[in-house]
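Quick look at work_7.txt (compact mmCIF, C-alpha atoms):
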# COMPACT_ATOMS: atom_id res chain seq x y z
CA MET A 1296 3.82 -4.88 8.18
CA GLN A 1297 1.64 -7.94 8.42
CA MET A 1298 -1.72 -6.41 7.51
CA LEU A 1299 -0.25 -4.92 4.34
CA ARG A 1300 1.33 -8.22 3.27
CA GLU A 1301 -1.98 -9.97 3.79
CA ARG A 1302 -3.82 -7.43 1.65
CA ILE A 1303 -1.21 -7.70 -1.10
CA LEU A 1304 -1.36 -11.50 -1.15
CA GLU A 1305 -5.14 -11.69 -0.87
CA LEU A 1306 -6.20 -8.81 -3.12
CA GLY A 1307 -3.20 -7.91 -5.28
CA SER A 1308 -2.61 -9.19 -8.77
CA VAL A 1309 0.25 -8.94 -11.24
CA LEU A 1310 -0.13 -7.43 -14.69
CA PRO A 1311 2.32 -7.63 -17.59
CA GLY A 1312 5.34 -5.34 -17.22
CA ASP A 1313 5.80 -6.11 -13.50
CA VAL A 1314 2.81 -3.96 -12.56
CA LEU A 1315 1.42 -4.89 -9.14
CA ASN A 1316 -2.28 -4.08 -9.18
CA VAL A 1317 -3.37 -2.97 -5.71
CA ASN A 1318 -6.54 -1.20 -6.85
CA ALA A 1319 -8.59 -3.17 -4.31
CA PHE A 1320 -7.06 -1.41 -1.27
CA LEU A 1321 -4.47 1.25 -2.20
CA ASN A 1322 -4.82 2.74 -5.70
CA HIS A 1323 -8.53 2.97 -6.53
CA GLN A 1324 -10.47 1.55 -3.63
CA LEU A 1325 -8.85 2.57 -0.33
CA ASP A 1326 -8.92 0.38 2.76
CA THR A 1327 -9.16 3.09 5.41
CA GLU A 1328 -8.24 0.76 8.30
CA LEU A 1329 -5.05 -0.17 6.42
CA LEU A 1330 -4.33 3.50 5.65
CA VAL A 1331 -4.48 4.33 9.36
CA GLN A 1332 -2.06 1.50 10.19
CA ILE A 1333 0.32 2.65 7.43
CA GLY A 1334 0.20 6.19 8.82
CA LYS A 1335 0.92 4.97 12.35
CA THR A 1336 3.84 2.83 11.15
CA PHE A 1337 5.48 5.66 9.16
CA ALA A 1338 4.88 8.08 12.05
CA GLY A 1339 6.33 5.65 14.59
CA HIS A 1340 9.46 5.15 12.50
CA PHE A 1341 10.11 8.83 11.73
CA GLN A 1342 8.71 10.47 14.88
CA SER A 1343 12.07 11.47 16.36
CA ARG A 1344 13.22 13.27 13.19
CA GLY A 1345 11.42 16.55 13.76
CA VAL A 1346 9.33 16.28 10.58
CA THR A 1347 7.51 19.52 9.74
CA LYS A 1348 5.97 18.55 6.40
CA ILE A 1349 5.05 15.45 4.40
CA ILE A 1350 5.69 15.63 0.65
CA THR A 1351 3.94 13.30 -1.77
CA ILE A 1352 2.72 13.25 -5.36
CA GLU A 1353 -0.76 12.96 -6.81
CA THR A 1354 -2.71 10.72 -6.99
CA SER A 1355 -2.03 7.55 -5.07
CA GLY A 1356 0.42 8.99 -2.56
CA ILE A 1357 -2.16 11.35 -1.08
CA ALA A 1358 -4.11 8.91 1.10
CA VAL A 1359 -1.07 7.45 2.92
CA ALA A 1360 0.54 10.88 3.22
CA VAL A 1361 -2.63 12.18 4.88
CA THR A 1362 -2.81 9.43 7.51
CA THR A 1363 0.92 9.89 8.21
CA GLY A 1364 0.48 13.65 8.49
CA ILE A 1365 -2.43 13.19 10.89
CA GLU A 1366 -0.31 10.95 13.13
CA LEU A 1367 2.68 13.31 13.09
CA GLY A 1368 0.52 16.43 13.40
CA VAL A 1369 2.02 18.08 10.31
CA PRO A 1370 0.66 19.27 6.95
CA VAL A 1371 0.98 17.40 3.67
CA VAL A 1372 1.98 18.93 0.35
CA PHE A 1373 1.11 16.90 -2.72
CA ALA A 1374 3.01 17.71 -5.88
CA ARG A 1375 0.88 18.21 -8.96
CA THR A 1376 1.52 16.35 -12.20
CA THR A 1377 -1.31 17.93 -14.14
CA PRO A 1378 -1.47 21.65 -14.88
CA THR A 1379 -3.79 23.58 -12.62
CA PRO A 1380 -4.51 27.31 -12.91
CA THR A 1381 -4.27 27.85 -9.15
CA ILE A 1382 -0.51 27.22 -9.21
CA GLY A 1383 1.13 30.16 -10.90
CA SER A 1384 4.63 30.41 -12.30
CA ASP A 1385 6.27 30.63 -8.89
CA HIS A 1386 6.89 26.92 -8.41
CA TYR A 1387 9.60 24.30 -8.15
CA SER A 1388 9.50 21.64 -10.82
CA ALA A 1389 11.19 18.41 -11.82
CA SER A 1390 10.54 15.82 -14.46
CA ALA A 1391 9.51 12.20 -13.82
CA TYR A 1392 8.71 9.35 -16.17
CA SER A 1393 5.84 7.04 -15.19
CA TYR A 1394 6.68 3.54 -16.44
CA THR A 1395 3.21 2.31 -15.47
CA LYS A 1396 1.40 5.01 -17.44
CA GLN A 1397 4.23 5.46 -19.98
CA VAL A 1398 4.15 9.23 -19.87
CA ARG A 1399 6.57 11.90 -18.71
CA HIS A 1400 5.15 14.26 -16.10
CA GLU A 1401 6.29 17.62 -14.94
CA VAL A 1402 6.10 17.50 -11.14
CA ILE A 1403 5.24 20.87 -9.59
CA VAL A 1404 5.13 22.32 -6.08
CA ALA A 1405 4.30 25.98 -5.40
CA ARG A 1406 7.29 27.66 -3.75
CA GLU A 1407 5.23 29.08 -0.93
CA PHE A 1408 4.60 25.62 0.56
CA ILE A 1409 8.20 24.41 1.11
CA HIS A 1410 10.61 26.52 3.11
CA THR A 1411 14.32 26.33 3.87
CA GLU A 1412 13.62 25.47 7.51
CA ASP A 1413 11.26 22.58 6.64
CA ARG A 1414 12.21 19.05 7.65
CA THR A 1415 10.42 17.03 5.01
CA LEU A 1416 9.40 13.38 4.87
CA ILE A 1417 8.62 12.03 1.40
CA VAL A 1418 5.82 9.44 1.39
CA ASP A 1419 4.62 7.49 -1.62
CA ASP A 1420 2.73 4.32 -2.46
CA PHE A 1421 5.34 2.66 -4.70
CA LEU A 1422 9.09 2.76 -5.24
CA ALA A 1423 10.19 1.00 -8.43
CA ARG A 1424 12.56 2.90 -10.71
CA GLY A 1425 12.54 5.84 -8.31
CA GLU A 1426 11.38 8.48 -10.79
CA ALA A 1427 8.76 10.07 -8.52
CA VAL A 1428 11.01 10.02 -5.44
CA ALA A 1429 13.88 11.54 -7.45
CA ALA A 1430 11.62 14.36 -8.63
CA LEU A 1431 10.35 15.06 -5.11
CA THR A 1432 13.92 14.89 -3.73
CA SER A 1433 14.99 17.41 -6.38
CA ILE A 1434 12.15 19.75 -5.37
CA VAL A 1435 13.07 19.51 -1.67
CA GLY A 1436 16.64 20.35 -2.71
CA GLN A 1437 15.55 23.29 -4.85
CA ALA A 1438 13.78 24.67 -1.77
CA SER A 1439 16.96 24.14 0.33
CA ALA A 1440 14.78 22.20 2.77
CA THR A 1441 15.97 19.13 4.72
CA LEU A 1442 14.93 15.65 3.63
CA VAL A 1443 14.74 13.46 6.75
CA GLY A 1444 13.72 10.25 5.00
CA ILE A 1445 11.45 8.47 2.58
CA GLY A 1446 8.50 6.26 3.53
CA ILE A 1447 7.31 3.82 0.88
CA VAL A 1448 4.35 1.47 1.11
CA ILE A 1449 5.54 -1.07 -1.49
CA GLU A 1450 9.10 -1.26 -2.79
CA LYS A 1451 9.97 -3.37 -5.81
CA VAL A 1452 13.52 -4.31 -4.82
CA PHE A 1453 14.13 -6.03 -8.18
CA GLN A 1454 14.12 -2.58 -9.77
CA ASP A 1455 16.82 -0.02 -9.11
CA GLY A 1456 14.92 2.89 -7.54
CA GLY A 1457 15.61 1.95 -3.93
CA GLU A 1458 19.30 1.45 -4.56
CA LYS A 1459 19.61 4.78 -6.39
CA VAL A 1460 17.87 6.68 -3.59
CA ARG A 1461 19.89 4.96 -0.83
CA THR A 1462 23.14 5.56 -2.74
CA GLY A 1463 22.13 9.21 -2.80
CA GLY A 1464 22.37 9.15 1.00
CA HIS A 1465 18.70 9.02 1.93
CA GLU A 1466 17.00 6.52 4.20
CA VAL A 1467 14.19 4.56 2.58
CA PHE A 1468 11.76 2.86 4.97
CA SER A 1469 9.53 0.44 3.03
CA LEU A 1470 6.59 -1.40 4.56
CA ALA A 1471 6.54 -4.24 2.02
CA ARG A 1472 9.55 -5.21 -0.06
CA ILE A 1473 8.89 -7.30 -3.13
CA LYS A 1474 11.57 -9.52 -4.58
CA ARG A 1475 9.74 -10.97 -7.52
CA LEU A 1476 6.49 -10.65 -9.42
CA SER A 1477 5.00 -12.86 -12.09
CA ALA A 1478 1.60 -12.54 -13.74
CA PRO A 1479 -1.09 -13.26 -12.80
CA LYS A 1480 -0.60 -13.84 -9.08
CA MET A 1481 2.99 -14.75 -8.03
CA ILE A 1482 4.16 -12.23 -5.44
CA GLU A 1483 7.32 -12.94 -3.46
CA PHE A 1484 8.49 -10.76 -0.56
CA VAL A 1485 12.04 -10.16 0.68
CA ASP A 1486 12.60 -12.33 3.79
CA MET D 73 -17.96 24.83 10.23
CA GLN D 74 -16.03 27.57 11.95
CA MET D 75 -12.48 26.25 11.43
CA LEU D 76 -13.10 25.88 7.71
CA ARG D 77 -14.49 29.41 7.37
CA GLU D 78 -11.49 30.79 9.19
CA ARG D 79 -9.08 28.96 6.87
CA ILE D 80 -10.96 30.17 3.80
CA LEU D 81 -10.95 33.80 4.97
CA GLU D 82 -7.36 33.73 6.19
CA LEU D 83 -5.68 31.67 3.49
CA GLY D 84 -8.05 31.60 0.51
CA SER D 85 -7.82 33.91 -2.46
CA VAL D 86 -9.99 34.56 -5.49
CA LEU D 87 -8.73 34.16 -9.05
CA PRO D 88 -10.44 35.36 -12.23
CA GLY D 89 -13.34 33.18 -13.32
CA ASP D 90 -14.72 32.78 -9.78
CA VAL D 91 -11.96 30.32 -8.87
CA LEU D 92 -11.48 30.10 -5.11
CA ASN D 93 -7.84 29.20 -4.50
CA VAL D 94 -7.57 27.02 -1.39
CA ASN D 95 -4.15 25.58 -2.23
CA ALA D 96 -2.85 26.57 1.21
CA PHE D 97 -5.00 24.02 3.08
CA LEU D 98 -7.18 21.87 0.79
CA ASN D 99 -5.94 21.54 -2.81
CA HIS D 100 -2.14 21.43 -2.76
CA GLN D 101 -1.02 21.81 0.85
CA LEU D 102 -3.33 19.87 3.14
CA ASP D 103 -4.09 20.99 6.69
CA THR D 104 -4.40 17.59 8.35
CA GLU D 105 -6.07 18.94 11.50
CA LEU D 106 -8.75 20.54 9.30
CA LEU D 107 -9.13 17.32 7.28
CA VAL D 108 -9.85 15.37 10.47
CA GLN D 109 -12.49 17.90 11.52
CA ILE D 110 -14.08 17.76 8.06
CA GLY D 111 -14.18 13.95 8.27
CA LYS D 112 -15.77 14.05 11.72
CA THR D 113 -18.39 16.56 10.57
CA PHE D 114 -19.39 14.56 7.49
CA ALA D 115 -19.41 11.34 9.52
CA GLY D 116 -21.53 12.92 12.27
CA HIS D 117 -24.07 14.15 9.75
CA PHE D 118 -24.37 10.94 7.76
CA GLN D 119 -23.71 8.35 10.47
CA SER D 120 -27.30 7.07 10.71
CA ARG D 121 -27.58 6.39 6.97
CA GLY D 122 -25.85 3.01 6.90
CA VAL D 123 -23.07 4.18 4.57
CA THR D 124 -20.98 1.29 3.23
CA LYS D 125 -18.71 3.20 0.83
CA ILE D 126 -17.46 6.72 0.17
CA ILE D 127 -17.17 7.73 -3.48
CA THR D 128 -14.99 10.63 -4.57
CA ILE D 129 -12.94 11.75 -7.56
CA GLU D 130 -9.23 12.34 -7.97
CA THR D 131 -7.39 14.45 -6.98
CA SER D 132 -8.62 16.88 -4.40
CA GLY D 133 -11.54 14.84 -3.11
CA ILE D 134 -9.31 12.03 -1.86
CA ALA D 135 -8.03 13.59 1.37
CA VAL D 136 -11.47 14.54 2.76
CA ALA D 137 -12.97 11.25 1.58
CA VAL D 138 -10.25 9.37 3.47
CA THR D 139 -10.82 11.16 6.79
CA THR D 140 -14.58 10.66 6.40
CA GLY D 141 -14.08 6.97 5.59
CA ILE D 142 -11.85 6.56 8.64
CA GLU D 143 -14.52 8.07 10.89
CA LEU D 144 -17.33 5.97 9.41
CA GLY D 145 -15.19 2.82 9.23
CA VAL D 146 -15.84 2.26 5.53
CA PRO D 147 -13.66 2.13 2.39
CA VAL D 148 -13.25 4.93 -0.13
CA VAL D 149 -13.37 4.56 -3.90
CA PHE D 150 -11.86 7.40 -5.87
CA ALA D 151 -12.91 7.68 -9.49
CA ARG D 152 -10.10 8.09 -11.99
CA THR D 153 -10.02 10.88 -14.53
CA THR D 154 -6.74 9.87 -16.14
CA PRO D 155 -6.27 6.55 -17.92
CA THR D 156 -4.47 3.93 -15.88
CA PRO D 157 -3.57 0.47 -17.13
CA THR D 158 -4.68 -1.22 -13.90
CA ILE D 159 -8.33 -0.47 -14.68
CA GLY D 160 -9.40 -2.66 -17.53
CA SER D 161 -12.43 -2.32 -19.74
CA ASP D 162 -14.84 -3.53 -17.08
CA HIS D 163 -15.71 -0.14 -15.62
CA TYR D 164 -18.50 2.38 -15.22
CA SER D 165 -17.87 5.73 -16.82
CA ALA D 166 -19.40 9.17 -17.14
CA SER D 167 -18.23 12.43 -18.62
CA ALA D 168 -17.54 15.63 -16.65
CA TYR D 169 -16.31 19.03 -17.74
CA SER D 170 -13.87 20.83 -15.43
CA TYR D 171 -14.51 24.57 -15.69
CA THR D 172 -11.42 25.30 -13.58
CA LYS D 173 -9.09 23.27 -15.80
CA GLN D 174 -11.21 23.74 -18.96
CA VAL D 175 -10.99 20.12 -20.00
CA ARG D 176 -13.53 17.34 -20.35
CA HIS D 177 -12.69 14.22 -18.35
CA GLU D 178 -13.93 10.70 -18.59
CA VAL D 179 -14.65 9.63 -15.01
CA ILE D 180 -14.07 5.92 -14.43
CA VAL D 181 -14.74 3.44 -11.61
CA ALA D 182 -13.96 -0.26 -11.93
CA ARG D 183 -17.19 -2.27 -11.67
CA GLU D 184 -15.81 -4.56 -9.00
CA PHE D 185 -15.71 -1.76 -6.42
CA ILE D 186 -19.37 -0.64 -6.39
CA HIS D 187 -22.11 -3.17 -5.79
CA THR D 188 -25.90 -3.09 -5.93
CA GLU D 189 -26.13 -3.42 -2.14
CA ASP D 190 -23.75 -0.51 -1.47
CA ARG D 191 -25.06 2.57 0.31
CA THR D 192 -22.75 5.24 -1.05
CA LEU D 193 -21.88 8.70 0.20
CA ILE D 194 -20.33 11.04 -2.38
CA VAL D 195 -17.72 13.39 -0.91
CA ASP D 196 -15.90 16.13 -2.80
CA ASP D 197 -13.99 19.34 -2.13
CA PHE D 198 -16.06 21.72 -4.30
CA LEU D 199 -19.55 21.93 -5.73
CA ALA D 200 -19.92 24.62 -8.38
CA ARG D 201 -21.60 23.62 -11.64
CA GLY D 202 -22.05 20.08 -10.34
CA GLU D 203 -20.23 18.29 -13.16
CA ALA D 204 -18.17 15.98 -10.93
CA VAL D 205 -21.08 15.15 -8.63
CA ALA D 206 -23.33 14.45 -11.64
CA ALA D 207 -20.73 12.05 -13.06
CA LEU D 208 -20.33 10.24 -9.72
CA THR D 209 -24.13 10.11 -9.27
CA SER D 210 -24.43 8.58 -12.74
CA ILE D 211 -21.84 5.94 -11.86
CA VAL D 212 -23.63 5.05 -8.60
CA GLY D 213 -26.82 4.71 -10.67
CA GLN D 214 -25.11 2.55 -13.29
CA ALA D 215 -24.08 0.21 -10.46
CA SER D 216 -27.69 0.18 -9.13
CA ALA D 217 -26.25 1.18 -5.75
CA THR D 218 -27.98 3.55 -3.31
CA LEU D 219 -26.85 7.14 -2.97
CA VAL D 220 -27.51 8.25 0.61
CA GLY D 221 -26.22 11.81 0.25
CA ILE D 222 -23.50 14.16 -0.88
CA GLY D 223 -20.97 15.85 1.40
CA ILE D 224 -19.26 18.94 0.00
CA VAL D 225 -16.53 20.99 1.65
CA ILE D 226 -17.17 24.26 -0.24
CA GLU D 227 -20.31 24.97 -2.22
CA LYS D 228 -20.52 27.96 -4.56
CA VAL D 229 -24.21 28.69 -4.20
CA PHE D 230 -24.07 31.37 -6.90
CA GLN D 231 -23.54 28.60 -9.45
CA ASP D 232 -26.23 26.08 -10.28
CA GLY D 233 -24.66 22.74 -9.28
CA GLY D 234 -26.23 22.53 -5.82
CA GLU D 235 -29.68 23.35 -7.14
CA LYS D 236 -29.39 20.77 -9.93
CA VAL D 237 -28.33 18.03 -7.54
CA ARG D 238 -31.02 18.88 -4.95
CA THR D 239 -33.68 19.04 -7.67
CA GLY D 240 -32.53 15.55 -8.62
CA GLY D 241 -33.68 14.44 -5.16
CA HIS D 242 -30.34 14.13 -3.38
CA GLU D 243 -29.35 15.73 -0.11
CA VAL D 244 -26.30 17.98 -0.31
CA PHE D 245 -24.58 18.77 3.00
CA SER D 246 -22.05 21.58 2.49
CA LEU D 247 -19.64 22.73 5.17
CA ALA D 248 -19.08 26.22 3.73
CA ARG D 249 -21.55 27.90 1.39
CA ILE D 250 -20.25 30.81 -0.61
CA LYS D 251 -22.60 33.48 -1.89
CA ARG D 252 -20.18 35.71 -3.72
CA LEU D 253 -16.54 35.87 -4.79
CA SER D 254 -14.55 38.72 -6.19
CA ALA D 255 -10.82 38.80 -6.99
CA PRO D 256 -8.48 39.09 -5.25
CA LYS D 257 -9.88 38.51 -1.78
CA MET D 258 -13.65 39.19 -1.40
CA ILE D 259 -15.31 36.01 -0.06
CA GLU D 260 -18.87 36.20 1.22
CA PHE D 261 -20.63 33.30 2.91
CA VAL D 262 -24.33 32.47 3.01
CA ASP D 263 -25.68 33.57 6.44

Exercise: express the given structure as structure tokens:
Amino acid sequence: MQMLRERILELGSVLPGDVLNVNAFLNHQLDTELLVQIGKTFAGHFQSRGVTKIITIETSGIAVAVTTGIELGVPVVFARTTPTPTIGSDHYSASAYSYTKQVRHEVIVAREFIHTEDRTLIVDDFLARGEAVAALTSIVGQASATLVGIGIVIEKVFQDGGEKVRTGGHEVFSLARIKRLSAPKMIEFVD
Amino acid sequence: MQMLRERILELGSVLPGDVLNVNAFLNHQLDTELLVQIGKTFAGHFQSRGVTKIITIETSGIAVAVTTGIELGVPVVFARTTPTPTIGSDHYSASAYSYTKQVRHEVIVAREFIHTEDRTLIVDDFLARGEAVAALTSIVGQASATLVGIGIVIEKVFQDGGEKVRTGGHEVFSLARIKRLSAPKMIEFVD
């Protein structure tokens, strides 16, 4: 996706620990034109799969999940990682470690919002070690719903998340695949 | 906004402490058709104000801020309430107490994403005691940017946030105004 690559190269920066800082357009400030194009691209790729629900995780997955859900005409469910009193005890949960924030989260989705007959598409901003996707995949499995695929905005292919998820039998469709990062500004894409 | 009222009455519920649970369409599961209508309504109301940036706060403000930003053709900045290593020390901050979650947050926006010449529109899901809006208003002021107005999906008029913000000289445009709540299901609108 050309527009995304341009934004990454122009506005992205690399922080220690292989963190790609995309706060200028994806993680703090949101480029709404780019979000629409991301939604259209995910929707175009997955449109024949009968998706009934998009699943993502707060915070930075929400914006791209919303534009994808708008294009596909389906609702979005965002998993919570912080306790909230409106979600009672009747929820699915899984554990995920955030390497960027260096904390372990409990990832929670209320049972009433994923059903056995749902055909779910997981959408997230990053795929690195695959912790968030693994937690969401576990939750879809706990609900006995179908996982039709995984849409990722930026995949760090030099980390093992993508391989783990694909080995698990799921399709990962990534819009930008990064081979190598080096602070402060070296960003190399696959092909 | 008729569609919003219908969703609130059909799918909302009331929890102790005057918490309106809208997890079925706005705070956990997201009704994307409703989000688009909310965005169009905010954009229609504020379109003549020369808005250059939407400001909101994670988590539940993001979805409605995004659809509003898409309609107005402007970027969104969502303030962070959890520490993230990609935002360095060069940020604006303000403090806000969440009565729903019963925690005090530091609300943070990186300085580089709000400028003096920005004409900002604050968008959020709820206005109750006005803590989040006050923190965002403070941040817009710290940046010496202009605040053109505040768009709220659901205002609890029986709490004092709306009055405080209006007394401060800012326009609040609320799509649903709630006069009274009573658990488990009594929801009364203004007019």

Counting all atoms listed in the file, which residues in chain A sit no more than 8 Å from chain D? For each one, give the nearest pair of atoms and the distance in Å, sorted by chain then residue number, as a Markdown table.
| residue | atom | partner | partner_atom | distance |
| --- | --- | --- | --- | --- |
| A:Leu1310 | CA | D:Thr158 | CA | 7.7 |
| A:Asn1316 | CA | D:Thr158 | CA | 6.0 |
| A:Asn1318 | CA | D:Thr158 | CA | 7.3 |
| A:Ala1319 | CA | D:Phe185 | CA | 7.6 |
| A:His1323 | CA | D:Phe150 | CA | 5.6 |
| A:Gln1324 | CA | D:Val149 | CA | 4.2 |
| A:Leu1325 | CA | D:Val148 | CA | 5.0 |
| A:Asp1326 | CA | D:Pro147 | CA | 5.1 |
| A:Thr1327 | CA | D:Ile142 | CA | 5.5 |
| A:Glu1328 | CA | D:Ile142 | CA | 6.8 |
| A:Val1331 | CA | D:Ile142 | CA | 7.7 |
| A:Glu1353 | CA | D:Thr131 | CA | 6.8 |
| A:Thr1354 | CA | D:Thr131 | CA | 6.0 |
| A:Ile1357 | CA | D:Ala135 | CA | 6.7 |
| A:Ala1358 | CA | D:Ala135 | CA | 6.1 |
| A:Val1361 | CA | D:Ala135 | CA | 6.6 |
| A:Gly1364 | CA | D:Thr104 | CA | 6.3 |
| A:Ile1365 | CA | D:Thr104 | CA | 5.4 |
| A:Gly1368 | CA | D:Thr104 | CA | 7.1 |
| A:Val1369 | CA | D:Thr104 | CA | 6.7 |
| A:Pro1370 | CA | D:Asp103 | CA | 5.1 |
| A:Val1371 | CA | D:Leu102 | CA | 5.0 |
| A:Val1372 | CA | D:Gln101 | CA | 4.2 |
| A:Phe1373 | CA | D:His100 | CA | 5.6 |
| A:Ala1374 | CA | D:His100 | CA | 7.1 |
| A:Arg1375 | CA | D:His100 | CA | 7.6 |
| A:Pro1378 | CA | D:Lys173 | CA | 7.8 |
| A:Thr1379 | CA | D:Lys173 | CA | 6.2 |
| A:Pro1380 | CA | D:Lys173 | CA | 6.8 |
| A:Thr1381 | CA | D:Asn93 | CA | 6.0 |
| A:Thr1395 | CA | D:Pro157 | CA | 7.2 |
| A:Lys1396 | CA | D:Thr156 | CA | 6.2 |
| A:Phe1408 | CA | D:Gln101 | CA | 6.8 |

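Across the model, the gap from CA of Ile80 in chain D to CA of Ala255 in chain D is 13.8 Å.
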
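Straight-line separation from CA of Ile226 in chain D to CA of Ile250 in chain D: 7.2 Å.
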
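CA of Arg121 in chain D lies 29.0 Å from CA of Lys1335 in chain A.
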
Discussion item. When you look at range 238-240 of chain D with a cut-off of 12 Å (counting only C-alpha atoms), what residues show up, excluding the ones that are within fewer than 5 positions of it in the same chain? I need them as number ranges by chain.
Written reply: D: 199, 202, 205-206, 209-210, 219, 221-222, 229, 232-233, 245-246

Dump as a PDB file, keeping the file's coordinate frame, selection limited to C-alpha atoms:
ATOM      1  CA  LEU D 199     -19.550  21.930  -5.730  1.00  0.00           C
ATOM      2  CA  GLY D 202     -22.050  20.080 -10.340  1.00  0.00           C
ATOM      3  CA  VAL D 205     -21.080  15.150  -8.630  1.00  0.00           C
ATOM      4  CA  ALA D 206     -23.330  14.450 -11.640  1.00  0.00           C
ATOM      5  CA  THR D 209     -24.130  10.110  -9.270  1.00  0.00           C
ATOM      6  CA  SER D 210     -24.430   8.580 -12.740  1.00  0.00           C
ATOM      7  CA  LEU D 219     -26.850   7.140  -2.970  1.00  0.00           C
ATOM      8  CA  GLY D 221     -26.220  11.810   0.250  1.00  0.00           C
ATOM      9  CA  ILE D 222     -23.500  14.160  -0.880  1.00  0.00           C
ATOM     10  CA  VAL D 229     -24.210  28.690  -4.200  1.00  0.00           C
ATOM     11  CA  ASP D 232     -26.230  26.080 -10.280  1.00  0.00           C
ATOM     12  CA  GLY D 233     -24.660  22.740  -9.280  1.00  0.00           C
ATOM     13  CA  PHE D 245     -24.580  18.770   3.000  1.00  0.00           C
ATOM     14  CA  SER D 246     -22.050  21.580   2.490  1.00  0.00           C
TER      15      SER D 246
END

Worksheet item: Which polymer residues have any atom within 8 Å of an atom of Val225 in chain D, counting only C-alpha atoms, with same-chain residues fewer than 6 positions away left out, as an MDAnalysis selection string?
Response: chainID D and resid 110 196:198 246:248

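Compared by their closest atoms to Gln1297 in chain A, and using all atoms listed in the file, the residues A:Val1402, A:Tyr1387, A:Ser1477, A:Arg1472 rank with A:Arg1472 nearest.
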
Range 1434-1444 of chain A: axis-aligned bounding box, 6 Å on each side, centre and edge lengths in Å, one decimal, as lines of an AutoDock Vina configuration file:
center_x = 14.6
center_y = 17.5
center_z = 0.7
size_x = 16.8
size_y = 26.4
size_z = 24.1

Worksheet item: Hey, what's within 10 Å of Gln231 in chain D if we count only C-alpha atoms and toss same-chain stuff fewer than 3 positions away? As number ranges by chain, please?
Response: D: 90, 199-202, 227-228, 234-236, 250-252

Emit the selected residues as a CSV table (one decimal), in the coordinates of the input, including C-alpha atoms.
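Written output follows (again.csv):
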chain,number,residue,atom,x,y,z
D,90,ASP,CA,-14.7,32.8,-9.8
D,199,LEU,CA,-19.6,21.9,-5.7
D,200,ALA,CA,-19.9,24.6,-8.4
D,201,ARG,CA,-21.6,23.6,-11.6
D,202,GLY,CA,-22.0,20.1,-10.3
D,227,GLU,CA,-20.3,25.0,-2.2
D,228,LYS,CA,-20.5,28.0,-4.6
D,234,GLY,CA,-26.2,22.5,-5.8
D,235,GLU,CA,-29.7,23.4,-7.1
D,236,LYS,CA,-29.4,20.8,-9.9
D,250,ILE,CA,-20.2,30.8,-0.6
D,251,LYS,CA,-22.6,33.5,-1.9
D,252,ARG,CA,-20.2,35.7,-3.7

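The closest residue to Arg183 in chain D, picked from D:Pro256, D:Gly122, D:Gly160, D:Gly116 and counting only C-alpha atoms, is D:Gly160.
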
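The smallest atom-to-atom distance between Ala215 in chain D and any of D:Glu203, D:His187, D:Val175, D:Thr124, using all atoms listed in the file, is found for D:His187.
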
Missing atoms in range 154-164 of chain D: fill them in up to N, CA and C atoms and send the result as a short mmCIF file (atom, residue, chain, number, x, y, z; two decimals), in the coordinates of the input.
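Printed below is selection06.cif as written:
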data_model
loop_
_atom_site.label_atom_id
_atom_site.label_comp_id
_atom_site.auth_asym_id
_atom_site.auth_seq_id
_atom_site.Cartn_x
_atom_site.Cartn_y
_atom_site.Cartn_z
N THR D 154 -7.85 10.07 -15.20
CA THR D 154 -6.74 9.87 -16.14
C THR D 154 -6.64 8.37 -16.39
N PRO D 155 -6.33 7.97 -17.61
CA PRO D 155 -6.27 6.55 -17.92
C PRO D 155 -5.19 5.87 -17.08
N THR D 156 -5.47 4.69 -16.62
CA THR D 156 -4.47 3.93 -15.88
C THR D 156 -4.60 2.47 -16.30
N PRO D 157 -3.50 1.82 -16.57
CA PRO D 157 -3.57 0.47 -17.13
C PRO D 157 -4.12 -0.57 -16.17
N THR D 158 -4.18 -0.23 -14.86
CA THR D 158 -4.68 -1.22 -13.90
C THR D 158 -6.21 -1.32 -13.90
N ILE D 159 -6.88 -0.34 -14.52
CA ILE D 159 -8.33 -0.47 -14.68
C ILE D 159 -8.61 -0.91 -16.09
N GLY D 160 -9.14 -2.10 -16.21
CA GLY D 160 -9.40 -2.66 -17.53
C GLY D 160 -10.66 -2.08 -18.13
N SER D 161 -11.26 -2.82 -19.03
CA SER D 161 -12.43 -2.32 -19.74
C SER D 161 -13.71 -2.48 -18.93
N ASP D 162 -13.64 -3.22 -17.84
CA ASP D 162 -14.84 -3.53 -17.08
C ASP D 162 -15.11 -2.44 -16.03
N HIS D 163 -15.51 -1.27 -16.52
CA HIS D 163 -15.71 -0.14 -15.62
C HIS D 163 -16.99 0.62 -15.96
N TYR D 164 -17.46 1.39 -14.98
CA TYR D 164 -18.50 2.38 -15.22
C TYR D 164 -17.83 3.68 -15.62
#
